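Visitor: One structure is given below, represented as structure tokens, and several questions about it will come after.
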Amino acid sequence: MRSAATLEQVFREEYGRIIATLIRISGSFDTAEEALQEAFTAAASKWESEGTPHNPGAWLTTVAHRRLLDAIRRERTRSDKQTELTFETTRLQPHAELDLSDDDAAEYPDDRLRLIFTCCHPSLVREAQVALTLRTLGGLTTTEIAHAFLVPEATLAQRLVRAKQKIRLARIPYEIPKLEVIADRLAAVRAVIYLIFNEGYAASTGRSLIRNDLCAEAVRLGRVLCELLPNEPENMGLLALMLLQDSRREARVNDRGELVTLEEQDRSRWDSEEIEEGVRLVQAALSLRRVGNYQLQAAVAAVHAEAKNADDTDWPQIVALYEELMRLTSSPVVALNHAAAVAMSEGFENGLSLIESLGADGTLQNYYLFHASRADLLRRLNRLDEARVAYAKALSLTTNEVEQNYIRRRLESV
Amino acid sequence: MKYILLIYQDEPSWNGLSEAERQAIYLEYRKLRSELQATGQFVTGSQLQPIATATTVRVRDGKELITDGPFAETHEQLGGYFLIEANNLDEATSIAARIPSARAGSVEVRPLVEMAVEASA
């Protein structure tokens with residue numbers, strides 16, 4: 001019993017690290033996956049009969065390496081060609097024969113950074129980046145990923161096959177990108193991790209268990225990124241943002257599965273450990289003085305997190321942060337959030353007139369959040385007829401069930 | 001490993017350039033070509049005659065069909081290519097980004113099928 005639990009835990013913690021090295025050595029995602037799978041199978045029976053080894057991670061690494069070398073030798077005997085070996089720089093040389101003791105394995109360089117960049121390479125479509133990252137770095141099964149993203153398993157499997165094929169045939173490199181492109185590549189990595197988080201966070205009905213796993217996995221990946229590239233403020237900002245949002249998870253849905261707004265949430269249900277870590281991270285990131293999107297969003301979340309109750313919120317501070325964000329991005333969501341913060345800080349009339357001016361050119365007319373924000377301020381200003389019209393418009397523009405239910409409840413209340 | 005860089009550009013806008021502008025771009029192409037030759041990354045490459053000179057051949061039921069064209073609906077036409085040697089996709093795309101037409105049009109980067117891969121496929 002104990003060994004099964006340990007294996008599951010070791011699997012989660014070590015999968016990404018071990019497979020990253022196996023891929024570097026073999027030059028093949030598939031060969032690496034098979035070898036690691038065999039090692040886990042071996043562990044399941046061996047640990048059951050002989051007990052869990054002193055250093056389970058090292059044990060697995062050693063066995064997986066042996067399996068990998070066996071597989072490569074078999075491949076070579078079958079044909080002299082090295083067709084499976086993709087990455088030019090990492091072709092296995094005879095001196096790379098590995099005989100790892102536990103200590104050697106522990107000292108192996110961390111290849112996960114290469115793996116992250118390869119999985120999130122811009123020549124792969126976003127869906128493939130996400131699937132590949134979860135499959136290799138996270139060790140999630142194809143079935144788990146398919147369920148989490150509500151796509152048929154066959155589709156997801158096909159997506160992974162195509163991505164791995166492209167990596168092999170187009171020779172997407174397995175290395176840390178050059179200095180001149182690394183900033184863009186890193187931004188893509190963060191986008192993938194945050195997308196995974198949001199996929200888990202946005203859904204609060206149905207399959208919630210699997211989806212919470214996605215949040216946890218994204219947070220874990222965020223930690224790995226911070227660990228591999230320390231003192232990169234946006235990485236810290238991303239991790240902080242995810243932690244601070246995740247801290248409200250229990251409070252943002254009520255017993256009936258309905259969305260509860262930040263203002264109405266029971267703050268005693270917020271996760272104080274996550275808040276503490278998130279706030280600490282934001283402060284550390286901002287002190288590096290290279291401000292960015294994720295840091296600012298995390299800072300907004302931190303201001304909310306530190307307010308004892310909704311009335312206690314430091315709205316002028318939030319307005320200032322959104323103004324900073326608007327300098328970095330032209331996102332309409334940011335502009336709307338800014339207007340909402342202005343409404344809380346300087347009066348509903350001021351917020352509403354900002355929203356009206358945002359909507360003046362008509363580009364936001366088909367945007368659900370525009371009408372929902374507008375309706376909210378009209379409601380607070382007691383202009384209920386107009387609020388009703390705006391809520392109805394918002395309702396017609398969203399297909400998300402949770403959002404629809406939220407607006408319906410608002411509609412009933414005005 | 002070999003990659004072909006297929007250079008697509010909008011022909012009318014290319015034709016709309018002044019002679020001096022065109023010469024400046026040709027000069028850039030020559031410079032890129034000699035840089036790639038110096039690093040051993042250049043295999044071959046050429047500009048193509050305009051799409052109006054293109055002919056399409058099909059064989060159906062053993063019969064040769066020759067038509068004018070293609071007249072694709074796309075607004076960018078294949079105007080030239082480079083065949084290069086690069087270690088990986090990042091190297092290939094960074095060369096593609098140095099092609100002058102990448103600024104006005106686009107460059108498609110495709111790996112060539114290597115013999116060993118072909119044999120095992």
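Each chain in the structure tokens gets a letter, A, B and so on, in the order shown; residues start at 1 in every chain, and ligands are counted from 1 in the order they appear.
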Which polymer residues have any atom within 7 Å of an atom of Gly80 of chain B, counting only C-alpha atoms, with same-chain residues fewer than 6 positions away left out, as a PDB file with N, CA and C atoms, in the first residue's frame?
Guide:
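What ended up in around_14.pdb:
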ATOM      1  N   LEU B   6      10.682  28.889 -48.911  1.00  0.00           N
ATOM      2  CA  LEU B   6       9.846  29.298 -50.044  1.00  0.00           C
ATOM      3  C   LEU B   6       9.382  30.731 -49.799  1.00  0.00           C
ATOM      4  N   ILE B   7       9.726  31.582 -50.737  1.00  0.00           N
ATOM      5  CA  ILE B   7       9.505  33.016 -50.523  1.00  0.00           C
ATOM      6  C   ILE B   7       8.234  33.464 -51.243  1.00  0.00           C
ATOM      7  N   SER B  46      17.099  30.792 -55.995  1.00  0.00           N
ATOM      8  CA  SER B  46      16.866  31.626 -57.166  1.00  0.00           C
ATOM      9  C   SER B  46      15.569  32.404 -57.029  1.00  0.00           C
ATOM     10  N   GLN B  47      15.519  33.497 -57.726  1.00  0.00           N
ATOM     11  CA  GLN B  47      14.250  34.176 -57.904  1.00  0.00           C
ATOM     12  C   GLN B  47      13.498  33.432 -59.008  1.00  0.00           C
ATOM     13  N   LEU B  48      12.175  33.485 -59.004  1.00  0.00           N
ATOM     14  CA  LEU B  48      11.395  32.852 -60.072  1.00  0.00           C
ATOM     15  C   LEU B  48      10.782  33.934 -60.962  1.00  0.00           C
TER      16      LEU B  48
END
Visitor: Would you list the contacts of Ser106 of chain B as a PyMOL selection string, taking every protein, DNA or RNA residue within 7 Å and counting only C-alpha atoms, but skipping same-chain residues closer than 4 positions in sequence?
Guide: chain B and resi 7-9+101-102
Visitor: Please identify all polymer residues within 9 Å of Gln265 of chain A, counting only C-alpha atoms, omitting same-chain residues fewer than 6 positions from it, and present them as JSON, numbers by chain.
Guide: {"A": [248, 251, 252, 253, 254, 310]}
Visitor: Of the candidates A:Arg280, A:Arg289, A:Arg67, A:Arg185, which shows the shortest atom-to-atom distance to chain B, using only C-alpha atoms?
Guide: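 Ranked by minimum distance to chain B, first place goes to A:Arg185.
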Visitor: Quick one: pull the distance between atom CA of Leu69 of chain A and atom CA of Ser26 of chain A, Å, one decimal.
Guide: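 Distance between the two atoms: 8.2 Å.
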Visitor: When you look at Leu32 of chain B with a cut-off of 10 Å (counting only C-alpha atoms), what residues show up, excluding the ones that are within fewer than 5 positions of it in the same chain? I need them as a short mmCIF file (atom, residue, chain, number, x, y, z; two decimals) with C-alpha atoms, in the first residue's frame.
Guide:
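Okay, out30.cif is ready:
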data_model
loop_
_atom_site.label_atom_id
_atom_site.label_comp_id
_atom_site.auth_asym_id
_atom_site.auth_seq_id
_atom_site.Cartn_x
_atom_site.Cartn_y
_atom_site.Cartn_z
CA TYR B 26 18.51 42.73 -54.90
CA LEU B 27 21.65 44.05 -53.25
CA GLN B 37 27.94 30.91 -48.68
CA ALA B 38 30.69 32.01 -46.28
CA PHE B 42 23.83 28.15 -48.79
CA ILE B 95 17.93 32.69 -41.78
CA ARG B 98 16.94 37.70 -42.87
CA ILE B 99 15.32 37.31 -46.31
CA PRO B 100 14.27 40.79 -47.49
#
Visitor: Can you list, as a PyMOL selection string, all residues belonging to segment 216-399 of chain A that DSSP tags as alpha helix (DSSP H)?
Guide: chain A and resi 216-228+233-246+272-287+293-306+315-328+332-346+348-359+368-380+384-397
Visitor: Nearest to chain B: which of A:Met326, A:Leu221, A:Val334, A:Leu169 is it, counting only C-alpha atoms?
Guide: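 Checking each candidate against chain B, we get A:Leu169 as the closest.
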Visitor: Using only C-alpha atoms, what does the table of chain A residues within 6 Å of chain B look like, with each row giving the shortest atom pair and its distance in Å to one decimal, sorted by chain and ascending number, as a tab-separated table?
Guide:
residue	atom	partner	partner_atom	distance
A:Thr83	CA	B:Val117	CA	5.8
A:Ala170	CA	B:Pro111	CA	5.4
A:Arg171	CA	B:Asn88	CA	5.2
A:Ile172	CA	B:Leu89	CA	5.0
A:Pro173	CA	B:Asn88	CA	5.7
Visitor: Would you output that residue set with C-alpha atoms, as a PDB file, in the first residue's frame?
Guide:
ATOM      1  CA  THR A  83      16.533   7.589 -37.804  1.00  0.00           C
ATOM      2  CA  ALA A 170      11.445  19.747 -38.794  1.00  0.00           C
ATOM      3  CA  ARG A 171      14.067  19.278 -36.081  1.00  0.00           C
ATOM      4  CA  ILE A 172      12.757  21.691 -33.522  1.00  0.00           C
ATOM      5  CA  PRO A 173      15.822  22.114 -31.330  1.00  0.00           C
TER       6      PRO A 173
END
